[in-house]
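J.: Here it is, the structure, as structure tokens.
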Number of protein chains: 2
Amino acid sequence: MAATGRTDLKLQTFLPYMLNNLAERVSSGLSGIYADEYQLSIPEWRVIANLAEHSTLNARQIVERTTMEKSKVSRAVSNLCERGLITQKRAEGDSRAKDLTLTEEGLALYRSIVPRVLDWERELLAEMSPGEYRDLMHLLQKLGARLQLLEYPET
Amino acid sequence: MAATGRTDLKLQTFLPYMLNNLAERVSSGLSGIYADEYQLSIPEWRVIANLAEHSTLNARQIVERTTMEKSKVSRAVSNLCERGLITQKRAEGDSRAKDLTLTEEGLALYRSIVPRVLDWERELLAEMSPGEYRDLMHLLQKLGARLQLLEYPET
DNA sequence: TACTATTAGTTGCAAGTGAGACTAATATTA
DNA sequence: TAATATTAGTCTCACTTGCAACTAATAGTA
């Protein structure tokens, strides 16, 4: 059931455009935190955050979770290794894959970033009621699921 | 009033992360249309779309509307000029600025893209009720306004 | 077993990017 | 008016990116 029955384009209410603008502005606001103060690029931060949540992942799994290019992930991973924030070791049973884990230092870094990042999100959401927040989450998730379907129609 | 009272980070429900993933996936889905079939980059498409709506703008105004970097806009503009899709002429009263306008050809291109793009959006929104769609728009707009405030606190 | 296909991850390259220096024009101030 | 600041847009440079080609390992097939 189409929710919009229009025939001409108004950018300001065009969903892809809105999403992009928002995402870009949110990203650049947020990355002020981990870029300026912690010298982490966005891809690096994402790798760290994913490892913090799942303790051990390989690059492919990070790709799946983040929709980043695998080369992007690969480069982020090798930077983080050089900086001693994560370690890699060949996965048992498949020696192509490498199991990635945060080092103590990486974990400590993550832990010092998280509260800042959550504060920032709280600021952003300061004027939303809990109900609005729930609706927003729900709608974005729904959009994500729909997108998944369009990307992989067979599934 | 904070809508989220959490102390640890779950990426899958972290708003900036969700917005980014969605925006990226939406962008790449959409740009399949104007990139593959019309040889337009995202910045070029945005310039065109803005000019189609406002008939005459200069680069600065496009920057304001799109939150693109001014160098990005500048490069998109000069490509589009070379391809004869827009024209520039020095603005009356301020000969630093250049008034940009779509050519007939540019406008025709735009008109052939719009329905495709709207179809795509309709597909994306196919499973949303009008109410959900309204809510989504409203919430995203609210987020945008809040962001504006955080970016320019004085205003 | 040999053959082919698939997968994990890296790398080279061409293109795109952001930041800031820069030019030229306009505004502001004294 | 001169001196300074601001603005519009371009350009350069170092960096990032996406894509495709690549290596090495694994899976599937006959």
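Identifiers in the structure tokens: chain A, B, ... in order shown; residue index from 1 per chain; ligand index from 1 in order shown.
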Within 10 Å of range 21-23 of chain D, counting only C-alpha atoms (C1' of nucleotides), which residues qualify if same-chain residues fewer than 4 places away don't, as a list in words?

T.: DG9, DT10, DT11 and DG12 of chain C

J.: Go ahead and dump the residues you just picked, C-alpha atoms (C1' of nucleotides), as a PDB file, in the first residue's frame.

T.:
ATOM      1  C1'  DG C   9      41.127 -11.332   2.856  1.00  0.00           C
ATOM      2  C1'  DT C  10      44.669  -8.065   0.520  1.00  0.00           C
ATOM      3  C1'  DT C  11      46.224  -4.902  -2.800  1.00  0.00           C
ATOM      4  C1'  DG C  12      46.726  -1.743  -7.009  1.00  0.00           C
TER       5       DG C  12
END

J.: What would chain A look like once superposed on chain B, with the fit done by least squares over all C-alpha atoms paired in order? Give it as a PDB file with C-alpha atoms, in the first residue's frame.

T.:
ATOM      1  CA  MET A   1      13.496  14.548  28.255  1.00  0.00           C
ATOM      2  CA  ALA A   2      15.823  11.695  27.374  1.00  0.00           C
ATOM      3  CA  ALA A   3      14.090   8.926  25.479  1.00  0.00           C
ATOM      4  CA  THR A   4      16.804   6.379  26.093  1.00  0.00           C
ATOM      5  CA  GLY A   5      18.264   5.655  29.463  1.00  0.00           C
ATOM      6  CA  ARG A   6      20.932   3.150  28.684  1.00  0.00           C
ATOM      7  CA  THR A   7      24.481   2.793  29.758  1.00  0.00           C
ATOM      8  CA  ASP A   8      25.844   0.373  27.240  1.00  0.00           C
ATOM      9  CA  LEU A   9      25.897   0.477  23.501  1.00  0.00           C
ATOM     10  CA  LYS A  10      23.907  -1.804  21.230  1.00  0.00           C
ATOM     11  CA  LEU A  11      24.877  -0.890  17.704  1.00  0.00           C
ATOM     12  CA  GLN A  12      21.766  -2.323  16.154  1.00  0.00           C
ATOM     13  CA  THR A  13      19.626   0.130  18.057  1.00  0.00           C
ATOM     14  CA  PHE A  14      22.045   3.001  18.081  1.00  0.00           C
ATOM     15  CA  LEU A  15      20.419   5.757  16.119  1.00  0.00           C
ATOM     16  CA  PRO A  16      23.454   7.158  14.298  1.00  0.00           C
ATOM     17  CA  TYR A  17      24.413   3.690  13.224  1.00  0.00           C
ATOM     18  CA  MET A  18      20.925   2.871  11.998  1.00  0.00           C
ATOM     19  CA  LEU A  19      20.640   6.104  10.103  1.00  0.00           C
ATOM     20  CA  ASN A  20      23.954   5.557   8.451  1.00  0.00           C
ATOM     21  CA  ASN A  21      23.252   2.047   7.385  1.00  0.00           C
ATOM     22  CA  LEU A  22      19.886   2.956   6.020  1.00  0.00           C
ATOM     23  CA  ALA A  23      21.113   6.029   4.225  1.00  0.00           C
ATOM     24  CA  GLU A  24      23.970   4.177   2.636  1.00  0.00           C
ATOM     25  CA  ARG A  25      21.797   1.367   1.420  1.00  0.00           C
ATOM     26  CA  VAL A  26      19.090   3.667   0.173  1.00  0.00           C
ATOM     27  CA  SER A  27      21.643   5.809  -1.614  1.00  0.00           C
ATOM     28  CA  SER A  28      23.275   2.936  -3.339  1.00  0.00           C
ATOM     29  CA  GLY A  29      19.952   1.471  -4.389  1.00  0.00           C
ATOM     30  CA  LEU A  30      18.772   4.765  -5.748  1.00  0.00           C
ATOM     31  CA  SER A  31      21.986   5.749  -7.413  1.00  0.00           C
ATOM     32  CA  GLY A  32      21.671   2.580  -9.429  1.00  0.00           C
ATOM     33  CA  ILE A  33      19.102   4.570 -11.349  1.00  0.00           C
ATOM     34  CA  TYR A  34      20.822   7.803 -12.099  1.00  0.00           C
ATOM     35  CA  ALA A  35      24.389   6.507 -12.103  1.00  0.00           C
ATOM     36  CA  ASP A  36      24.038   3.466 -14.319  1.00  0.00           C
ATOM     37  CA  GLU A  37      21.400   4.757 -16.652  1.00  0.00           C
ATOM     38  CA  TYR A  38      22.079   8.459 -16.741  1.00  0.00           C
ATOM     39  CA  GLN A  39      25.757   8.725 -15.849  1.00  0.00           C
ATOM     40  CA  LEU A  40      25.114  11.070 -12.977  1.00  0.00           C
ATOM     41  CA  SER A  41      27.008  10.994  -9.724  1.00  0.00           C
ATOM     42  CA  ILE A  42      25.139  11.625  -6.512  1.00  0.00           C
ATOM     43  CA  PRO A  43      26.408  15.207  -6.186  1.00  0.00           C
ATOM     44  CA  GLU A  44      25.483  15.896  -9.793  1.00  0.00           C
ATOM     45  CA  TRP A  45      22.012  14.530  -9.314  1.00  0.00           C
ATOM     46  CA  ARG A  46      21.539  16.665  -6.239  1.00  0.00           C
ATOM     47  CA  VAL A  47      22.553  19.795  -8.019  1.00  0.00           C
ATOM     48  CA  ILE A  48      20.137  19.041 -10.813  1.00  0.00           C
ATOM     49  CA  ALA A  49      17.294  18.231  -8.475  1.00  0.00           C
ATOM     50  CA  ASN A  50      17.780  21.442  -6.563  1.00  0.00           C
ATOM     51  CA  LEU A  51      17.904  23.518  -9.710  1.00  0.00           C
ATOM     52  CA  ALA A  52      14.785  21.829 -10.970  1.00  0.00           C
ATOM     53  CA  GLU A  53      12.986  22.945  -7.869  1.00  0.00           C
ATOM     54  CA  HIS A  54      14.298  26.438  -7.610  1.00  0.00           C
ATOM     55  CA  SER A  55      15.101  27.234 -11.229  1.00  0.00           C
ATOM     56  CA  THR A  56      17.997  29.518 -10.344  1.00  0.00           C
ATOM     57  CA  LEU A  57      20.467  29.092  -7.537  1.00  0.00           C
ATOM     58  CA  ASN A  58      24.113  29.795  -7.039  1.00  0.00           C
ATOM     59  CA  ALA A  59      26.598  27.306  -5.636  1.00  0.00           C
ATOM     60  CA  ARG A  60      26.402  28.673  -2.150  1.00  0.00           C
ATOM     61  CA  GLN A  61      22.662  28.204  -2.034  1.00  0.00           C
ATOM     62  CA  ILE A  62      23.059  24.644  -3.181  1.00  0.00           C
ATOM     63  CA  VAL A  63      25.581  24.086  -0.448  1.00  0.00           C
ATOM     64  CA  GLU A  64      23.117  25.369   2.112  1.00  0.00           C
ATOM     65  CA  ARG A  65      20.314  23.183   0.858  1.00  0.00           C
ATOM     66  CA  THR A  66      22.275  19.987   0.558  1.00  0.00           C
ATOM     67  CA  THR A  67      24.987  20.176   3.221  1.00  0.00           C
ATOM     68  CA  MET A  68      27.479  19.135   0.563  1.00  0.00           C
ATOM     69  CA  GLU A  69      31.006  20.535   0.648  1.00  0.00           C
ATOM     70  CA  LYS A  70      31.410  23.555  -1.532  1.00  0.00           C
ATOM     71  CA  SER A  71      34.216  21.922  -3.471  1.00  0.00           C
ATOM     72  CA  LYS A  72      31.952  18.997  -4.163  1.00  0.00           C
ATOM     73  CA  VAL A  73      29.302  21.293  -5.487  1.00  0.00           C
ATOM     74  CA  SER A  74      31.832  23.227  -7.492  1.00  0.00           C
ATOM     75  CA  ARG A  75      33.062  20.118  -9.226  1.00  0.00           C
ATOM     76  CA  ALA A  76      29.601  18.777  -9.858  1.00  0.00           C
ATOM     77  CA  VAL A  77      28.624  22.111 -11.347  1.00  0.00           C
ATOM     78  CA  SER A  78      31.542  22.243 -13.710  1.00  0.00           C
ATOM     79  CA  ASN A  79      30.877  18.705 -14.916  1.00  0.00           C
ATOM     80  CA  LEU A  80      27.248  19.498 -15.548  1.00  0.00           C
ATOM     81  CA  CYS A  81      28.219  22.600 -17.474  1.00  0.00           C
ATOM     82  CA  GLU A  82      30.581  20.655 -19.667  1.00  0.00           C
ATOM     83  CA  ARG A  83      27.826  18.207 -20.405  1.00  0.00           C
ATOM     84  CA  GLY A  84      25.490  21.034 -21.278  1.00  0.00           C
ATOM     85  CA  LEU A  85      22.988  20.175 -18.573  1.00  0.00           C
ATOM     86  CA  ILE A  86      23.201  23.485 -16.786  1.00  0.00           C
ATOM     87  CA  THR A  87      24.427  26.978 -17.618  1.00  0.00           C
ATOM     88  CA  GLN A  88      26.099  29.538 -15.413  1.00  0.00           C
ATOM     89  CA  LYS A  89      26.198  33.251 -15.767  1.00  0.00           C
ATOM     90  CA  ARG A  90      27.583  35.852 -13.440  1.00  0.00           C
ATOM     91  CA  ALA A  91      24.953  37.096 -11.073  1.00  0.00           C
ATOM     92  CA  GLU A  92      23.815  40.679 -11.470  1.00  0.00           C
ATOM     93  CA  GLY A  93      24.892  42.784  -8.557  1.00  0.00           C
ATOM     94  CA  ASP A  94      27.531  40.299  -7.383  1.00  0.00           C
ATOM     95  CA  SER A  95      30.033  39.197  -9.912  1.00  0.00           C
ATOM     96  CA  ARG A  96      31.596  36.614  -7.664  1.00  0.00           C
ATOM     97  CA  ALA A  97      28.454  34.534  -7.687  1.00  0.00           C
ATOM     98  CA  LYS A  98      27.184  32.583 -10.655  1.00  0.00           C
ATOM     99  CA  ASP A  99      23.533  31.965 -11.308  1.00  0.00           C
ATOM    100  CA  LEU A 100      22.989  28.358 -12.259  1.00  0.00           C
ATOM    101  CA  THR A 101      20.086  27.147 -14.361  1.00  0.00           C
ATOM    102  CA  LEU A 102      19.126  23.890 -15.993  1.00  0.00           C
ATOM    103  CA  THR A 103      19.298  23.841 -19.759  1.00  0.00           C
ATOM    104  CA  GLU A 104      16.431  22.362 -21.737  1.00  0.00           C
ATOM    105  CA  GLU A 105      18.440  19.199 -21.933  1.00  0.00           C
ATOM    106  CA  GLY A 106      19.092  19.220 -18.225  1.00  0.00           C
ATOM    107  CA  LEU A 107      15.448  19.701 -17.494  1.00  0.00           C
ATOM    108  CA  ALA A 108      14.496  16.916 -19.869  1.00  0.00           C
ATOM    109  CA  LEU A 109      16.940  14.622 -18.166  1.00  0.00           C
ATOM    110  CA  TYR A 110      15.518  15.528 -14.804  1.00  0.00           C
ATOM    111  CA  ARG A 111      11.996  14.876 -16.012  1.00  0.00           C
ATOM    112  CA  SER A 112      12.888  11.453 -17.232  1.00  0.00           C
ATOM    113  CA  ILE A 113      14.558  10.552 -13.968  1.00  0.00           C
ATOM    114  CA  VAL A 114      11.902  11.778 -11.557  1.00  0.00           C
ATOM    115  CA  PRO A 115       9.275   9.107 -12.200  1.00  0.00           C
ATOM    116  CA  ARG A 116      11.855   6.359 -11.839  1.00  0.00           C
ATOM    117  CA  VAL A 117      13.042   7.759  -8.597  1.00  0.00           C
ATOM    118  CA  LEU A 118       9.534   8.186  -7.254  1.00  0.00           C
ATOM    119  CA  ASP A 119       8.718   4.641  -8.244  1.00  0.00           C
ATOM    120  CA  TRP A 120      11.701   3.487  -6.314  1.00  0.00           C
ATOM    121  CA  GLU A 121      10.645   5.420  -3.257  1.00  0.00           C
ATOM    122  CA  ARG A 122       7.159   3.985  -3.563  1.00  0.00           C
ATOM    123  CA  GLU A 123       8.599   0.493  -3.626  1.00  0.00           C
ATOM    124  CA  LEU A 124      10.571   1.258  -0.530  1.00  0.00           C
ATOM    125  CA  LEU A 125       7.535   2.569   1.272  1.00  0.00           C
ATOM    126  CA  ALA A 126       5.180  -0.047  -0.081  1.00  0.00           C
ATOM    127  CA  GLU A 127       4.535  -1.613   3.252  1.00  0.00           C
ATOM    128  CA  MET A 128       4.059   1.504   5.243  1.00  0.00           C
ATOM    129  CA  SER A 129       0.641   2.818   6.009  1.00  0.00           C
ATOM    130  CA  PRO A 130      -0.043   6.483   5.354  1.00  0.00           C
ATOM    131  CA  GLY A 131       0.012   7.016   9.094  1.00  0.00           C
ATOM    132  CA  GLU A 132       3.377   5.392   9.512  1.00  0.00           C
ATOM    133  CA  TYR A 133       4.722   7.392   6.640  1.00  0.00           C
ATOM    134  CA  ARG A 134       3.507  10.615   8.199  1.00  0.00           C
ATOM    135  CA  ASP A 135       5.038   9.678  11.527  1.00  0.00           C
ATOM    136  CA  LEU A 136       8.331   8.821   9.911  1.00  0.00           C
ATOM    137  CA  MET A 137       8.493  12.115   8.051  1.00  0.00           C
ATOM    138  CA  HIS A 138       7.567  14.010  11.126  1.00  0.00           C
ATOM    139  CA  LEU A 139      10.146  12.295  13.290  1.00  0.00           C
ATOM    140  CA  LEU A 140      12.918  12.706  10.765  1.00  0.00           C
ATOM    141  CA  GLN A 141      12.091  16.357  10.393  1.00  0.00           C
ATOM    142  CA  LYS A 142      12.138  16.772  14.111  1.00  0.00           C
ATOM    143  CA  LEU A 143      15.503  15.108  14.258  1.00  0.00           C
ATOM    144  CA  GLY A 144      16.765  17.447  11.568  1.00  0.00           C
ATOM    145  CA  ALA A 145      15.614  20.473  13.489  1.00  0.00           C
ATOM    146  CA  ARG A 146      17.221  19.219  16.658  1.00  0.00           C
ATOM    147  CA  LEU A 147      20.446  18.633  14.795  1.00  0.00           C
ATOM    148  CA  GLN A 148      20.340  22.144  13.458  1.00  0.00           C
ATOM    149  CA  LEU A 149      20.140  23.370  16.995  1.00  0.00           C
ATOM    150  CA  LEU A 150      23.111  21.318  18.114  1.00  0.00           C
ATOM    151  CA  GLU A 151      25.130  22.471  15.132  1.00  0.00           C
ATOM    152  CA  TYR A 152      24.330  26.149  15.595  1.00  0.00           C
ATOM    153  CA  PRO A 153      23.426  26.599  19.256  1.00  0.00           C
ATOM    154  CA  GLU A 154      23.328  30.403  19.062  1.00  0.00           C
ATOM    155  CA  THR A 155      20.562  30.600  16.441  1.00  0.00           C
TER     156      THR A 155
END

J.: Counting only C-alpha atoms (C1' of nucleotides), which of C:DA27, C:DA5, C:DA14, C:DA19 gets nearest to DC11 in chain D?

T.: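 Smallest separation from DC11 in chain D among the options: C:DA19.
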
J.: Under the rule that only C-alpha atoms (C1' of nucleotides) are counted, which of D:DA8, D:DA25, D:DA14, D:DA20 is the nearest residue to chain B?

T.: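 Of D:DA8, D:DA25, D:DA14, D:DA20, the one nearest chain B is D:DA8, counting only C-alpha atoms (C1' of nucleotides).
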